Amino acid sequence: MQNNSTNFDKIVKSLSLSDKVFTPNLTTRLSYEAAIEQIKKNFKVLDLGCGSGILGILIKKNNKNIDIFSSDIDKNAIKFTKKNFAKNKIKGVIRKSNLFENWNTMKFDYIINDVSGISNKIAVKSPWFKNMVPCDTGPDGTKLSSKIIKESKKYLAKKGIIQIPLISLSNVSKTISLAKKHFRYIKIKKSIDWFLPDELIYLKNEMLFLKKKKLISFEQKFGKIICNTSIIICKDLK
């Protein structure tokens, strides 16, 4: 684990970044750690919502005998993914795409859902998405993940796996229920609790309102708001 963390931190420091491209965070780290435990030799791997390109870079460096495919709806993300791939001498197919839209009839052994998955009521007021493409996730944060889950079977190879982040600033139970309708096997691979950052404390009342409406979930302990991020893998489509 220490080696994985070291690799992650090293690559993050080497990236060319911009305030118009999402900065790698805790979800990114957990996504990487979950993915490398599952990805095998000769896999075709799709990073959906690639941002800076970090996951494709890390996964390819961890296993050179795979093919990396990366896409994002944002032209700035595509620009910086290409730049960071070249900087790290990584070869991959990079496309501007709204989710699966431009992957046509391709099939992948492993799909990483790296698309935003938090309530847009929080996203639009947070500094996380400043200067970026509008966060079209819906009030409960599940709009994009739900679409990905429903469409994924068209793009998964036989015995293919899709990896999905679950963030408590969304309706996690709704996402899990939908996944169970489409997959036989679902398992949490990574999970961690985290305190709401100080820069988001001003959103506390908004978050309490959303929680009351059962659109998001979190706990309160020690006078702090505690959120959770988990990574699940789903396979064996019905």
# chains A, B, ... in the order shown; residues from 1 in each chain; ligands from 1

$ residues_around --residues "A:Gly160" --least-positions-apart "4" --cutoff "10 Å" --atoms "only C-alpha atoms" --output "count of residues only"
16

$ residues_around --residues "A:Lys224" --least-positions-apart "5" --cutoff "10 Å" --atoms "only C-alpha atoms" --output "JSON list (two decimals) with C-alpha atoms, in the first residue's frame"
[["chain", "number", "residue", "atom", "x", "y", "z"],
["A", 194, "TRP", "CA", -13.36, 11.96, 6.09],
["A", 195, "PHE", "CA", -14.14, 15.23, 7.83],
["A", 196, "LEU", "CA", -15.80, 17.93, 5.77],
["A", 197, "PRO", "CA", -13.01, 20.41, 4.90],
["A", 198, "ASP", "CA", -13.06, 23.76, 6.66],
["A", 201, "ILE", "CA", -18.28, 24.49, 6.48],
["A", 219, "GLU", "CA", -22.81, 11.75, 10.19]]

$ residues_around --residues "A:Lys213" --least-positions-apart "3" --cutoff "12 Å" --atoms "only C-alpha atoms" --output "count of residues only"
11

$ atom_distance --atom1 "atom CA of A:Leu17" --atom2 "atom CA of A:Ile78"
11.8 Å

$ select_by_dssp --residues "stretch 36-119 of chain A" --states "helix (DSSP H, G or I)" --output "JSON, numbers by chain"
{"A": [36, 37, 38, 54, 55, 56, 57, 58, 59, 60, 61, 62, 75, 76, 77, 78, 79, 80, 81, 82, 83, 84, 85, 86, 87, 101, 102, 103]}

$ closest_residue --among "A:Arg29, A:Lys158, A:Arg184, A:Lys143" --to "A:Val172" --atoms "only C-alpha atoms"
A:Lys143

$ select_by_dssp --residues "stretch 91-221 of chain A" --states "strand (DSSP E or B)" --output "PyMOL selection string"
chain A and resi 93-96+108-113+156-167+183-195+219-221

$ write_last_selection --atoms "C-alpha atoms" --output "mmCIF file, in the first residue's frame"
data_model
loop_
_atom_site.group_PDB
_atom_site.id
_atom_site.type_symbol
_atom_site.label_atom_id
_atom_site.label_comp_id
_atom_site.auth_asym_id
_atom_site.auth_seq_id
_atom_site.Cartn_x
_atom_site.Cartn_y
_atom_site.Cartn_z
ATOM 1 C CA VAL A 93 -6.469 6.526 -26.883
ATOM 2 C CA ILE A 94 -7.887 9.861 -25.704
ATOM 3 C CA ARG A 95 -11.261 11.135 -26.874
ATOM 4 C CA LYS A 96 -13.607 13.991 -26.054
ATOM 5 C CA PHE A 108 -13.783 -2.914 -22.373
ATOM 6 C CA ASP A 109 -12.632 -5.381 -19.723
ATOM 7 C CA TYR A 110 -12.618 -2.705 -17.052
ATOM 8 C CA ILE A 111 -14.458 0.605 -16.867
ATOM 9 C CA ILE A 112 -13.620 3.196 -14.242
ATOM 10 C CA ASN A 113 -16.413 5.631 -13.533
ATOM 11 C CA LEU A 156 -18.369 -4.203 -21.178
ATOM 12 C CA ALA A 157 -16.673 -7.300 -22.563
ATOM 13 C CA LYS A 158 -17.750 -10.715 -21.324
ATOM 14 C CA LYS A 159 -16.935 -10.901 -17.589
ATOM 15 C CA GLY A 160 -16.161 -7.181 -17.698
ATOM 16 C CA ILE A 161 -16.061 -5.084 -14.539
ATOM 17 C CA ILE A 162 -17.214 -1.547 -13.830
ATOM 18 C CA GLN A 163 -15.859 0.448 -10.905
ATOM 19 C CA ILE A 164 -18.081 3.082 -9.293
ATOM 20 C CA PRO A 165 -17.318 5.695 -6.601
ATOM 21 C CA LEU A 166 -19.916 6.188 -3.869
ATOM 22 C CA ILE A 167 -19.698 9.525 -2.091
ATOM 23 C CA PHE A 183 -25.187 -6.730 -11.842
ATOM 24 C CA ARG A 184 -25.084 -10.022 -9.969
ATOM 25 C CA TYR A 185 -21.918 -9.238 -8.033
ATOM 26 C CA ILE A 186 -21.268 -6.008 -6.143
ATOM 27 C CA LYS A 187 -18.503 -5.522 -3.612
ATOM 28 C CA ILE A 188 -16.996 -2.590 -1.748
ATOM 29 C CA LYS A 189 -13.247 -2.601 -2.408
ATOM 30 C CA LYS A 190 -12.212 0.607 -0.648
ATOM 31 C CA SER A 191 -13.913 2.804 1.937
ATOM 32 C CA ILE A 192 -12.831 5.724 4.070
ATOM 33 C CA ASP A 193 -14.470 8.342 6.302
ATOM 34 C CA TRP A 194 -13.359 11.962 6.094
ATOM 35 C CA PHE A 195 -14.138 15.232 7.827
ATOM 36 C CA GLU A 219 -22.809 11.747 10.192
ATOM 37 C CA GLN A 220 -22.098 14.363 12.812
ATOM 38 C CA LYS A 221 -19.592 13.610 15.566
#

$ closest_residue --among "A:Lys130, A:Lys212, A:Lys10, A:Lys125" --to "A:Asn88" --atoms "only C-alpha atoms"
A:Lys10

$ decode --residues "stretch 109-131 of chain A" --atoms "C-alpha atoms" --output "mmCIF file, in the first residue's frame"
data_model
loop_
_atom_site.group_PDB
_atom_site.id
_atom_site.type_symbol
_atom_site.label_atom_id
_atom_site.label_comp_id
_atom_site.auth_asym_id
_atom_site.auth_seq_id
_atom_site.Cartn_x
_atom_site.Cartn_y
_atom_site.Cartn_z
ATOM 1 C CA ASP A 109 -12.632 -5.381 -19.723
ATOM 2 C CA TYR A 110 -12.618 -2.705 -17.052
ATOM 3 C CA ILE A 111 -14.458 0.605 -16.867
ATOM 4 C CA ILE A 112 -13.620 3.196 -14.242
ATOM 5 C CA ASN A 113 -16.413 5.631 -13.533
ATOM 6 C CA ASP A 114 -14.366 8.735 -12.734
ATOM 7 C CA VAL A 115 -17.270 11.109 -13.406
ATOM 8 C CA SER A 116 -18.520 13.535 -10.767
ATOM 9 C CA GLY A 117 -20.951 12.002 -8.280
ATOM 10 C CA ILE A 118 -21.983 14.590 -5.696
ATOM 11 C CA SER A 119 -25.138 16.690 -5.394
ATOM 12 C CA ASN A 120 -25.065 19.608 -7.790
ATOM 13 C CA LYS A 121 -26.527 21.741 -4.998
ATOM 14 C CA ILE A 122 -23.208 21.321 -3.199
ATOM 15 C CA ALA A 123 -20.988 21.244 -6.272
ATOM 16 C CA VAL A 124 -22.092 24.634 -7.624
ATOM 17 C CA LYS A 125 -21.374 26.310 -4.280
ATOM 18 C CA SER A 126 -18.081 24.561 -3.595
ATOM 19 C CA PRO A 127 -14.602 25.602 -4.784
ATOM 20 C CA TRP A 128 -14.078 22.098 -6.211
ATOM 21 C CA PHE A 129 -15.832 22.824 -9.504
ATOM 22 C CA LYS A 130 -14.950 26.480 -9.963
ATOM 23 C CA ASN A 131 -14.125 27.394 -13.603
#
